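**Q** Pasting my_file.csv below, which is CSV, C-alpha atoms.
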```
chain,number,residue,atom,x,y,z
A,90,MET,CA,-34.1,20.3,60.8
A,91,SER,CA,-32.7,17.3,58.8
A,92,PRO,CA,-34.1,16.5,55.3
A,93,ILE,CA,-35.5,13.2,56.6
A,94,GLU,CA,-37.7,15.0,59.1
A,95,THR,CA,-38.9,17.4,56.5
A,96,ALA,CA,-40.1,14.5,54.3
A,97,GLU,CA,-42.0,13.0,57.2
A,98,THR,CA,-43.7,16.1,58.4
A,99,ALA,CA,-44.4,18.3,55.4
A,100,PRO,CA,-47.9,17.5,53.8
A,101,GLU,CA,-48.0,16.5,50.2
A,102,PRO,CA,-48.8,19.5,48.0
A,103,ALA,CA,-52.4,19.5,46.6
A,104,SER,CA,-52.9,18.5,43.0
A,105,LYS,CA,-53.0,21.4,40.6
A,106,ILE,CA,-55.2,19.6,38.1
A,107,ASP,CA,-58.9,19.2,38.6
A,108,LEU,CA,-60.1,16.0,36.9
A,109,PRO,CA,-63.5,16.4,35.3
A,110,ALA,CA,-66.1,14.0,36.7
A,111,HIS,CA,-66.6,12.0,33.5
A,112,LEU,CA,-62.9,11.0,33.5
A,113,GLY,CA,-63.2,10.2,37.2
A,114,GLY,CA,-60.8,8.1,39.3
A,115,GLY,CA,-63.3,5.5,40.4
A,116,GLY,CA,-63.3,1.8,39.4
A,117,GLY,CA,-66.8,1.9,38.0
A,118,GLU,CA,-65.6,2.0,34.3
A,119,ILE,CA,-63.9,-1.4,34.4
A,120,PRO,CA,-66.2,-3.8,32.6
A,121,SER,CA,-67.5,-6.6,34.8
A,122,PHE,CA,-68.7,-10.0,33.8
A,123,ASP,CA,-70.1,-13.2,35.4
A,124,ILE,CA,-67.9,-16.3,35.3
A,125,THR,CA,-68.1,-19.8,36.4
A,126,LEU,CA,-64.9,-21.2,37.8
A,127,ARG,CA,-64.8,-25.0,37.5
A,128,VAL,CA,-62.1,-26.2,39.9
A,129,ARG,CA,-60.8,-29.8,40.2
A,130,ARG,CA,-61.1,-30.5,43.9
A,131,PHE,CA,-59.3,-33.3,45.8
A,132,ASP,CA,-59.3,-33.9,49.5
A,133,PRO,CA,-57.5,-37.1,50.6
A,134,GLU,CA,-59.2,-37.0,54.0
A,135,THR,CA,-62.7,-37.3,52.6
A,136,SER,CA,-62.4,-39.1,49.3
A,137,ALA,CA,-59.9,-40.9,47.1
A,138,GLU,CA,-61.5,-39.4,44.0
A,139,SER,CA,-61.2,-35.9,42.7
A,140,THR,CA,-64.3,-34.0,41.6
A,141,TRP,CA,-65.2,-30.9,39.7
A,142,GLU,CA,-66.8,-28.0,41.7
A,143,ASP,CA,-68.3,-24.9,40.2
A,144,PHE,CA,-68.1,-21.4,41.7
A,145,ALA,CA,-70.1,-18.5,40.2
A,146,MET,CA,-68.9,-15.0,40.7
A,147,THR,CA,-68.7,-11.5,39.2
A,148,MET,CA,-65.3,-10.4,38.2
A,149,TYR,CA,-63.7,-7.4,36.5
A,150,GLY,CA,-61.7,-6.9,33.3
A,151,THR,CA,-58.5,-6.4,35.3
A,152,ASP,CA,-58.9,-9.6,37.2
A,153,ARG,CA,-56.7,-12.7,36.7
A,154,VAL,CA,-57.5,-16.4,37.4
A,155,LEU,CA,-55.6,-16.0,40.7
A,156,ASP,CA,-58.0,-13.2,41.7
A,157,ALA,CA,-60.9,-15.5,41.0
A,158,LEU,CA,-59.3,-18.3,43.1
A,159,HIS,CA,-58.8,-15.7,45.9
A,160,LYS,CA,-62.4,-14.7,45.7
A,161,VAL,CA,-63.5,-18.3,46.1
A,162,LYS,CA,-61.1,-18.9,49.0
A,163,TRP,CA,-61.8,-15.7,50.9
A,164,GLU,CA,-65.6,-15.4,50.3
A,165,GLN,CA,-67.0,-18.7,49.3
A,166,ASP,CA,-65.0,-21.8,50.4
A,167,GLY,CA,-62.0,-21.3,52.6
A,168,SER,CA,-61.0,-25.0,52.2
A,169,LEU,CA,-59.9,-24.4,48.6
A,170,SER,CA,-56.1,-25.0,48.5
A,171,PHE,CA,-53.6,-23.6,46.0
A,172,ARG,CA,-50.1,-22.3,46.0
A,173,ARG,CA,-49.2,-18.7,45.3
A,174,SER,CA,-46.6,-16.4,46.6
A,175,CYS,CA,-45.6,-13.2,44.8
A,176,ALA,CA,-48.7,-13.2,42.6
A,177,HIS,CA,-46.8,-11.3,39.9
A,178,GLY,CA,-45.4,-14.0,37.7
A,179,VAL,CA,-41.9,-14.2,39.3
A,180,CYS,CA,-42.0,-16.8,42.0
A,181,GLY,CA,-43.4,-19.6,39.9
A,182,SER,CA,-45.7,-21.0,42.6
A,183,ASP,CA,-49.1,-20.9,40.9
A,184,ALA,CA,-48.6,-23.0,37.7
A,185,MET,CA,-51.9,-24.8,37.0
A,186,ARG,CA,-53.8,-26.2,34.1
A,187,ILE,CA,-56.3,-23.5,33.0
A,188,ASN,CA,-58.7,-24.5,30.2
A,189,GLY,CA,-56.5,-27.5,29.5
A,190,ARG,CA,-53.3,-25.4,29.2
A,191,ASN,CA,-50.5,-25.0,31.7
A,192,ARG,CA,-50.3,-21.4,32.7
A,193,LEU,CA,-49.5,-19.2,35.7
A,194,ALA,CA,-52.8,-18.2,37.4
A,195,CYS,CA,-51.3,-14.8,38.2
A,196,LYS,CA,-50.5,-14.0,34.6
A,197,THR,CA,-53.8,-15.2,33.0
A,198,LEU,CA,-56.4,-12.4,32.6
A,199,LEU,CA,-60.0,-13.7,32.8
A,200,LYS,CA,-60.9,-11.4,29.9
A,201,ASP,CA,-58.5,-13.3,27.6
A,202,LEU,CA,-60.4,-16.5,28.3
A,203,ASP,CA,-63.8,-17.5,27.0
A,204,THR,CA,-66.0,-16.3,29.9
A,205,SER,CA,-69.2,-17.6,28.4
A,206,LYS,CA,-68.1,-21.1,29.3
A,207,PRO,CA,-66.9,-22.4,32.6
A,208,ILE,CA,-63.2,-21.8,33.2
A,209,THR,CA,-61.6,-25.1,34.2
A,210,VAL,CA,-58.7,-25.0,36.7
A,211,GLU,CA,-56.9,-28.3,37.5
A,212,PRO,CA,-53.6,-29.1,39.1
A,213,ILE,CA,-50.6,-29.6,36.8
A,214,LYS,CA,-50.4,-33.2,35.4
A,215,GLY,CA,-47.8,-35.8,36.1
A,216,LEU,CA,-47.0,-34.9,39.7
A,217,PRO,CA,-48.9,-36.5,42.7
A,218,VAL,CA,-51.8,-34.2,43.8
A,219,GLU,CA,-51.8,-33.5,47.5
A,220,LYS,CA,-54.9,-31.4,47.9
A,221,ASP,CA,-57.0,-29.5,45.3
A,222,LEU,CA,-54.5,-27.6,43.2
A,223,ILE,CA,-51.4,-28.4,45.2
A,224,VAL,CA,-49.1,-31.1,43.8
A,225,ASP,CA,-46.0,-32.7,45.3
A,226,MET,CA,-43.1,-30.9,43.6
A,227,GLU,CA,-40.4,-33.2,45.1
A,228,PRO,CA,-39.9,-35.4,42.0
A,229,PHE,CA,-39.5,-32.2,40.0
A,230,PHE,CA,-36.9,-30.7,42.3
A,231,GLN,CA,-35.2,-34.0,42.6
A,232,SER,CA,-34.4,-33.9,38.8
A,233,TYR,CA,-33.4,-30.3,39.2
A,234,ARG,CA,-30.9,-31.1,41.9
A,235,GLU,CA,-29.4,-33.9,39.9
A,236,ILE,CA,-28.1,-31.6,37.2
A,237,MET,CA,-26.2,-29.6,39.8
A,238,PRO,CA,-27.7,-26.1,39.2
A,239,PHE,CA,-24.8,-24.2,40.7
A,240,LEU,CA,-21.6,-22.8,39.4
A,241,ILE,CA,-18.7,-25.2,39.4
A,242,ASN,CA,-15.3,-23.7,38.7
A,243,THR,CA,-12.1,-25.6,39.5
A,244,GLY,CA,-9.7,-22.7,38.8
A,245,HIS,CA,-8.4,-20.2,41.3
A,246,GLU,CA,-11.0,-18.0,42.8
A,247,PRO,CA,-10.5,-14.6,41.3
A,248,ALA,CA,-10.0,-11.5,43.5
A,249,LYS,CA,-12.6,-9.7,41.4
A,250,GLU,CA,-15.7,-10.8,39.5
A,251,ARG,CA,-15.5,-13.5,36.8
A,252,LEU,CA,-15.4,-11.7,33.5
A,253,GLN,CA,-17.6,-12.7,30.6
A,254,SER,CA,-18.2,-11.1,27.2
A,255,ALA,CA,-21.6,-10.0,26.1
A,256,GLU,CA,-21.6,-12.8,23.5
A,257,GLU,CA,-20.7,-15.4,26.0
A,258,ARG,CA,-23.6,-14.2,28.2
A,259,GLU,CA,-26.0,-14.2,25.3
A,260,ARG,CA,-25.3,-17.9,24.7
A,261,PHE,CA,-27.4,-19.0,27.6
A,262,ASP,CA,-29.5,-15.9,28.2
A,263,ASP,CA,-32.8,-17.6,27.3
A,264,THR,CA,-32.5,-20.3,29.9
A,265,THR,CA,-31.6,-17.9,32.7
A,266,LYS,CA,-35.3,-16.8,32.7
A,267,CYS,CA,-36.6,-20.1,34.3
A,268,ILE,CA,-38.6,-19.6,37.5
A,269,LEU,CA,-39.1,-23.4,38.2
A,270,CYS,CA,-42.9,-23.3,38.0
A,271,ALA,CA,-43.0,-26.8,36.4
A,272,ALA,CA,-45.4,-25.7,33.7
A,273,CYS,CA,-43.1,-27.2,31.1
A,274,THR,CA,-42.3,-30.5,32.8
A,275,SER,CA,-45.9,-31.1,33.7
A,276,SER,CA,-47.0,-30.4,30.0
A,277,CYS,CA,-44.7,-33.1,28.6
A,278,PRO,CA,-46.4,-36.3,27.5
A,279,VAL,CA,-43.2,-38.3,28.1
A,280,PHE,CA,-43.1,-37.1,31.7
A,281,TRP,CA,-46.8,-38.0,32.1
A,282,THR,CA,-46.2,-41.6,31.3
A,283,ASP,CA,-43.9,-42.6,34.2
A,284,GLY,CA,-42.3,-39.4,35.6
A,285,GLN,CA,-38.8,-41.0,35.2
A,286,TYR,CA,-37.7,-38.5,32.5
A,287,PHE,CA,-35.6,-35.6,33.8
A,288,GLY,CA,-38.1,-33.2,32.3
A,289,PRO,CA,-37.7,-30.0,30.3
A,290,ALA,CA,-37.1,-27.8,33.4
A,291,ALA,CA,-34.1,-29.8,34.6
A,292,ILE,CA,-32.6,-29.7,31.1
A,293,VAL,CA,-33.2,-26.0,30.8
A,294,ASN,CA,-31.3,-25.4,34.0
A,295,ALA,CA,-28.5,-27.7,33.0
A,296,HIS,CA,-28.3,-25.7,29.7
A,297,ARG,CA,-27.9,-22.5,31.7
A,298,PHE,CA,-24.7,-23.8,33.2
A,299,ILE,CA,-23.4,-26.1,30.4
A,300,PHE,CA,-23.2,-23.1,28.0
A,301,ASP,CA,-21.9,-20.6,30.7
A,302,SER,CA,-18.2,-19.8,29.9
A,303,ARG,CA,-17.5,-19.4,33.6
A,304,ASP,CA,-18.5,-23.0,34.5
A,305,ASP,CA,-16.2,-26.0,34.2
A,306,ALA,CA,-18.6,-28.9,34.8
A,307,GLY,CA,-20.4,-28.9,31.4
A,308,ASP,CA,-19.0,-32.4,30.6
A,309,LEU,CA,-20.2,-33.7,33.9
A,310,ARG,CA,-23.7,-32.4,33.3
A,311,LEU,CA,-23.8,-33.7,29.7
A,312,GLU,CA,-22.8,-37.1,31.1
A,313,ILE,CA,-25.7,-37.0,33.6
A,314,LEU,CA,-28.2,-36.0,30.8
A,315,ASN,CA,-26.8,-38.7,28.4
A,316,ASP,CA,-28.9,-41.2,30.3
A,317,LYS,CA,-31.8,-43.3,29.1
A,318,GLU,CA,-34.1,-41.0,31.2
A,319,GLY,CA,-32.1,-38.0,30.0
A,320,VAL,CA,-32.4,-35.7,26.9
A,321,TRP,CA,-33.0,-38.7,24.6
A,322,ARG,CA,-36.5,-39.2,25.9
A,323,CYS,CA,-37.5,-35.8,24.4
A,324,ARG,CA,-39.8,-36.5,21.5
A,325,THR,CA,-39.9,-32.8,20.4
A,326,THR,CA,-43.6,-32.4,20.9
A,327,PHE,CA,-43.0,-28.7,21.7
A,328,ASN,CA,-45.6,-28.7,24.6
A,329,CYS,CA,-42.9,-27.3,26.9
A,330,SER,CA,-42.1,-24.3,24.7
A,331,GLU,CA,-45.8,-23.6,24.4
A,332,ALA,CA,-46.4,-23.9,28.2
A,333,CYS,CA,-43.5,-21.8,29.4
A,334,PRO,CA,-44.9,-18.6,31.0
A,335,ARG,CA,-41.5,-16.9,30.5
A,336,GLY,CA,-41.3,-17.6,26.8
A,337,ILE,CA,-38.2,-19.8,27.0
A,338,GLN,CA,-37.6,-21.8,23.8
A,339,VAL,CA,-37.4,-25.0,25.9
A,340,THR,CA,-37.3,-27.5,23.0
A,341,GLN,CA,-34.6,-25.4,21.3
A,342,ALA,CA,-32.5,-25.6,24.6
A,343,ILE,CA,-33.0,-29.4,24.8
A,344,ALA,CA,-32.0,-29.7,21.1
A,345,GLU,CA,-28.8,-27.8,21.9
A,346,VAL,CA,-28.0,-30.1,24.8
A,347,LYS,CA,-28.5,-33.1,22.5
A,348,GLN,CA,-26.2,-31.6,19.9
A,349,ALA,CA,-23.6,-30.9,22.6
A,350,ILE,CA,-23.7,-34.5,23.8
A,351,LEU,CA,-23.3,-35.8,20.2
A,352,SER,CA,-20.4,-33.5,19.3
A,353,ARG,CA,-18.9,-33.1,22.8
A,354,LYS,CA,-18.5,-29.4,21.9
A,355,ILE,CA,-19.9,-26.7,24.1
B,250,MET,CA,-48.2,-32.5,20.4
B,251,TRP,CA,-50.8,-33.7,17.8
B,252,SER,CA,-48.1,-34.1,15.1
B,253,TRP,CA,-46.3,-36.4,17.5
B,254,VAL,CA,-49.6,-38.3,18.3
B,255,GLY,CA,-50.2,-38.6,14.5
B,256,HIS,CA,-46.7,-39.8,13.9
B,257,ARG,CA,-47.1,-42.6,16.5
B,258,ILE,CA,-50.5,-43.7,15.2
B,259,THR,CA,-49.3,-43.8,11.6
B,260,GLY,CA,-46.2,-45.6,12.7
B,261,VAL,CA,-48.3,-48.4,14.3
B,262,VAL,CA,-50.6,-48.6,11.3
B,263,ILE,CA,-47.5,-49.0,9.0
B,264,PHE,CA,-46.0,-51.6,11.3
B,265,VAL,CA,-49.3,-53.7,11.2
B,266,PHE,CA,-49.4,-53.4,7.4
B,267,LEU,CA,-45.7,-54.6,7.1
B,268,LEU,CA,-46.5,-57.6,9.4
B,269,VAL,CA,-49.4,-58.7,7.2
B,270,HIS,CA,-47.5,-57.8,4.1
B,271,VAL,CA,-44.5,-60.0,5.0
B,272,LEU,CA,-46.9,-62.9,5.9
B,273,ASP,CA,-48.9,-62.7,2.6
B,274,THR,CA,-45.9,-62.2,0.4
B,275,SER,CA,-44.1,-65.2,2.0
B,276,LEU,CA,-47.2,-67.3,1.1
B,277,VAL,CA,-45.8,-67.4,-2.5
B,278,ARG,CA,-43.1,-69.7,-1.2
B,279,VAL,CA,-45.6,-72.0,0.4
B,280,SER,CA,-48.0,-72.2,-2.6
B,281,PRO,CA,-48.4,-69.8,-5.5
B,282,GLU,CA,-52.1,-70.7,-5.7
B,283,ALA,CA,-52.7,-69.8,-2.1
B,284,TYR,CA,-50.8,-66.5,-2.7
B,285,THR,CA,-53.0,-65.7,-5.7
B,286,ALA,CA,-56.1,-66.5,-3.8
B,287,VAL,CA,-55.1,-64.2,-0.9
B,288,ILE,CA,-54.1,-61.3,-3.2
B,289,GLY,CA,-57.3,-61.8,-5.1
B,290,ALA,CA,-59.3,-61.4,-1.9
B,291,TYR,CA,-57.8,-57.9,-1.5
B,292,LYS,CA,-59.6,-56.7,-4.7
B,293,ASN,CA,-62.7,-55.2,-3.1
B,294,PRO,CA,-63.7,-51.6,-2.3
B,295,ILE,CA,-63.1,-52.0,1.5
B,296,MET,CA,-59.5,-53.0,0.9
B,297,GLY,CA,-59.3,-50.2,-1.7
B,298,LEU,CA,-60.2,-47.7,1.0
B,299,GLY,CA,-57.7,-49.4,3.4
B,300,GLU,CA,-55.0,-48.9,0.8
B,301,ALA,CA,-55.9,-45.3,0.5
B,302,ALA,CA,-55.6,-45.0,4.3
B,303,LEU,CA,-52.3,-46.8,4.3
B,304,VAL,CA,-50.8,-44.4,1.7
B,305,ALA,CA,-52.2,-41.5,3.7
B,306,ALA,CA,-50.4,-42.8,6.8
B,307,ILE,CA,-47.1,-43.5,4.9
B,308,VAL,CA,-47.1,-40.0,3.2
B,309,PHE,CA,-47.7,-38.3,6.6
B,310,HIS,CA,-45.1,-40.4,8.4
B,311,ALA,CA,-42.5,-39.8,5.7
B,312,PHE,CA,-42.8,-36.0,5.5
B,313,ASN,CA,-43.2,-35.6,9.3
B,314,GLY,CA,-40.2,-37.9,9.7
B,315,LEU,CA,-38.1,-35.5,7.6
B,316,ARG,CA,-39.4,-32.6,9.7
B,317,ILE,CA,-38.3,-34.4,12.9
B,318,ILE,CA,-34.9,-35.0,11.5
B,319,LEU,CA,-34.6,-31.3,10.7
B,320,ILE,CA,-35.8,-30.4,14.2
B,321,ASP,CA,-33.0,-32.6,15.6
B,322,PHE,CA,-30.1,-31.8,13.3
B,323,TRP,CA,-30.8,-28.4,11.7
B,324,LYS,CA,-29.8,-25.5,14.0
B,325,LYS,CA,-33.0,-23.5,13.2
B,326,GLY,CA,-35.2,-26.6,13.2
B,327,PRO,CA,-36.9,-26.0,16.5
B,328,LYS,CA,-37.6,-22.3,15.6
B,329,TYR,CA,-39.3,-23.2,12.3
B,330,GLN,CA,-41.0,-26.4,13.5
B,331,ARG,CA,-44.5,-24.9,13.1
B,332,HIS,CA,-43.8,-23.7,9.6
B,333,MET,CA,-42.4,-27.1,8.8
B,334,LEU,CA,-45.5,-28.8,10.2
B,335,TRP,CA,-47.7,-26.7,7.8
B,336,SER,CA,-45.4,-27.6,5.0
B,337,VAL,CA,-45.8,-31.3,5.9
B,338,LEU,CA,-49.6,-30.9,5.8
B,339,ILE,CA,-49.6,-29.0,2.5
B,340,LEU,CA,-47.3,-31.6,0.9
B,341,TRP,CA,-49.5,-34.3,2.2
B,342,VAL,CA,-52.6,-32.7,0.5
B,343,VAL,CA,-50.6,-32.1,-2.7
B,344,VAL,CA,-49.6,-35.8,-2.9
B,345,MET,CA,-52.8,-37.3,-1.6
B,346,VAL,CA,-55.3,-35.4,-3.9
B,347,PRO,CA,-53.9,-36.7,-7.3
B,348,PHE,CA,-53.3,-40.1,-5.7
B,349,LEU,CA,-56.8,-40.4,-4.4
B,350,ILE,CA,-58.4,-39.3,-7.7
B,351,ARG,CA,-56.5,-42.0,-9.6
B,352,HIS,CA,-56.7,-44.7,-6.9
B,353,LEU,CA,-60.4,-44.4,-6.1
B,354,SER,CA,-61.4,-44.2,-9.7
B,355,ILE,CA,-59.6,-47.5,-10.3
B,356,VAL,CA,-61.1,-49.1,-7.1
B,357,PHE,CA,-64.7,-47.9,-7.8
B,358,GLY,CA,-64.4,-47.7,-11.6
B,359,GLY,CA,-65.9,-51.1,-12.0
B,360,HIS,CA,-64.0,-53.4,-14.3
```
Show this structure as structure tokens.
**A**
Amino acid sequence: MSPIETAETAPEPASKIDLPAHLGGGGGEIPSFDITLRVRRFDPETSAESTWEDFAMTMYGTDRVLDALHKVKWEQDGSLSFRRSCAHGVCGSDAMRINGRNRLACKTLLKDLDTSKPITVEPIKGLPVEKDLIVDMEPFFQSYREIMPFLINTGHEPAKERLQSAEERERFDDTTKCILCAACTSSCPVFWTDGQYFGPAAIVNAHRFIFDSRDDAGDLRLEILNDKEGVWRCRTTFNCSEACPRGIQVTQAIAEVKQAILSRKI
Amino acid sequence: MWSWVGHRITGVVIFVFLLVHVLDTSLVRVSPEAYTAVIGAYKNPIMGLGEAALVAAIVFHAFNGLRIILIDFWKKGPKYQRHMLWSVLILWVVVMVPFLIRHLSIVFGGH
């Protein structure tokens, strides 16, 4: 008998520990509370205007805003539209404006919000709304593509990996955390006004390659960002740093790119 | 974001003042009597409060301007921006309290 078959056929040994009833394993102990979810609805097929719609429900202390949206979609109104994919704060699909702040719905616990008042959920600002909480991300990704978010190395391709010291890696470590959720770009008042500005996310991703010792196109990217719609439109309002669900010091990264353009030193 | 909004608003207020200020000061070239009449018209409590608001705007704009310069040119500026904002507000209060005591006592002192 092979070890694989053993694993498949042998029953799991019974637990040797008897849990007393008061410790239990049930979900009854999780505190529950009633909330009102106030969602900004928009359906271009029925009306050109967006409206608020309230949904009342009972949720638990372990639930996130995303769970509340799921509850609405699955049990109350199937027409509610929003993006989500991994639901664990990695894919960056469900950035939305919750109680006036840009957050990921999958990382915002309901118990951390004021549940005595309605919890407002709106699409992120500055990008065209397509339906309910779904916005057109194309302008955002257009800026992202323009800064060439890929390694450019003109030297010979090495037979083994491209070596880098721990210090060289540390230089751009913060900006590697970006998940392209657009929470920063859509929190920026400069981006709100006309949407021409590259936006914090594109600059963060440029920073990630500009300060990478393995990359040769830093000057090219600095030239792209040394545009009237580039880094100089940043007014250091720090909204992006506060919005970033990954804790990236976005304004710091933008300031470093500004300095690199001024001194032409990477 | 609100420090940025405040900086914009105070900037516009200061700009409007400078515009009026250049106009009324240039009156002295036209006719010293007209200049004296206009400046005399400023001596009332409403203008006194306006002057207080103007100084408040200038003091905030000046200190916050220094903070923005530090954010842009000091390596640790972005990291300490919040501390610097509190420093700006504390300095603003420290400057404004003695100024307001003196200024308002002159404006409303009755003389």
**Q** At a cut-off of 8 Å, list the chain A residues touching chain B, using all atoms listed in the file, as number ranges by chain.
**A** A: 324-328, 340-341, 344, 348
**Q** Generate the output file for the selected residues, C-alpha atoms, as an mmCIF file, in the frame of the given file.
**A**
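Final output, saved to result.cif:
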```
data_model
loop_
_atom_site.group_PDB
_atom_site.id
_atom_site.type_symbol
_atom_site.label_atom_id
_atom_site.label_comp_id
_atom_site.auth_asym_id
_atom_site.auth_seq_id
_atom_site.Cartn_x
_atom_site.Cartn_y
_atom_site.Cartn_z
ATOM 1 C CA ARG A 324 -39.800 -36.500 21.500
ATOM 2 C CA THR A 325 -39.900 -32.800 20.400
ATOM 3 C CA THR A 326 -43.600 -32.400 20.900
ATOM 4 C CA PHE A 327 -43.000 -28.700 21.700
ATOM 5 C CA ASN A 328 -45.600 -28.700 24.600
ATOM 6 C CA THR A 340 -37.300 -27.500 23.000
ATOM 7 C CA GLN A 341 -34.600 -25.400 21.300
ATOM 8 C CA ALA A 344 -32.000 -29.700 21.100
ATOM 9 C CA GLN A 348 -26.200 -31.600 19.900
#
```
**Q** Can you tell me, as a list in words, which residues sit within 8 Å of (-49.5, -26.7, 39.3) in the file's frame, using only C-alpha atoms?
**A**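 The residues that fall inside the cut-off are Ser182, Asp183, Ala184, Met185, Arg186, Asn191, Glu211, Pro212, Ile213, Lys214, Leu222, Ile223, Val224, Cys270, Ala271, Ala272 and Ser275 of chain A.
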**Q** Report, in Å with one decimal, the straight-line distance from atom CA of Gly260 of chain B to atom CA of Ala302 of chain B.
**A**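 Computing the Euclidean distance for atom CA of Gly260 of chain B and atom CA of Ala302 of chain B yields 12.6 Å.
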**Q** Using atom CA of Ser174 of chain A and atom CA of His159 of chain A as the two end points, give the distance in Å to one decimal.
**A**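 Atom-to-atom, atom CA of Ser174 of chain A to atom CA of His159 of chain A, that is 12.2 Å.
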**Q** Which residues come within 12 Å of Val346 of chain B, counting all atoms listed in the file, excluding same-chain residues fewer than 4 positions away, as JSON, numbers by chain?
**A** {"B": [301, 304, 305, 308, 339, 340, 341, 342, 350, 351, 352, 353]}
**Q** Around the point (-68.0, -22.1, 38.7) in the file's coordinates, collect all residues with an atom within 7 Å, using all atoms listed in the file, and return them as JSON, numbers by chain.
**A** {"A": [124, 125, 126, 127, 142, 143, 144, 145, 207]}
**Q** What's around segment 261-264 of chain A at 8 Å? Count only C-alpha atoms, leave out sequence neighbours fewer than 3 positions away in its own chain, and write the answer as number ranges by chain.
**A** A: 257-258, 267, 293-294, 296-298, 300-301, 337-339, 342
**Q** Hey, which of A:Gly167, A:Gly215, A:Pro238, A:Gly307 ends up closest to Gly284 of chain A? Count only C-alpha atoms.
**A**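 Using only C-alpha atoms, Gly284 of chain A sits closest to A:Gly215.
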**Q** Quick one: residues within 12 Å of Ile187 of chain A, only C-alpha atoms counted, chain neighbours fewer than 6 positions away excluded, as a PyMOL selection string?
**A** chain A and resi 126-129+153-155+158+193-199+201-203+207-214+222+272+276+332
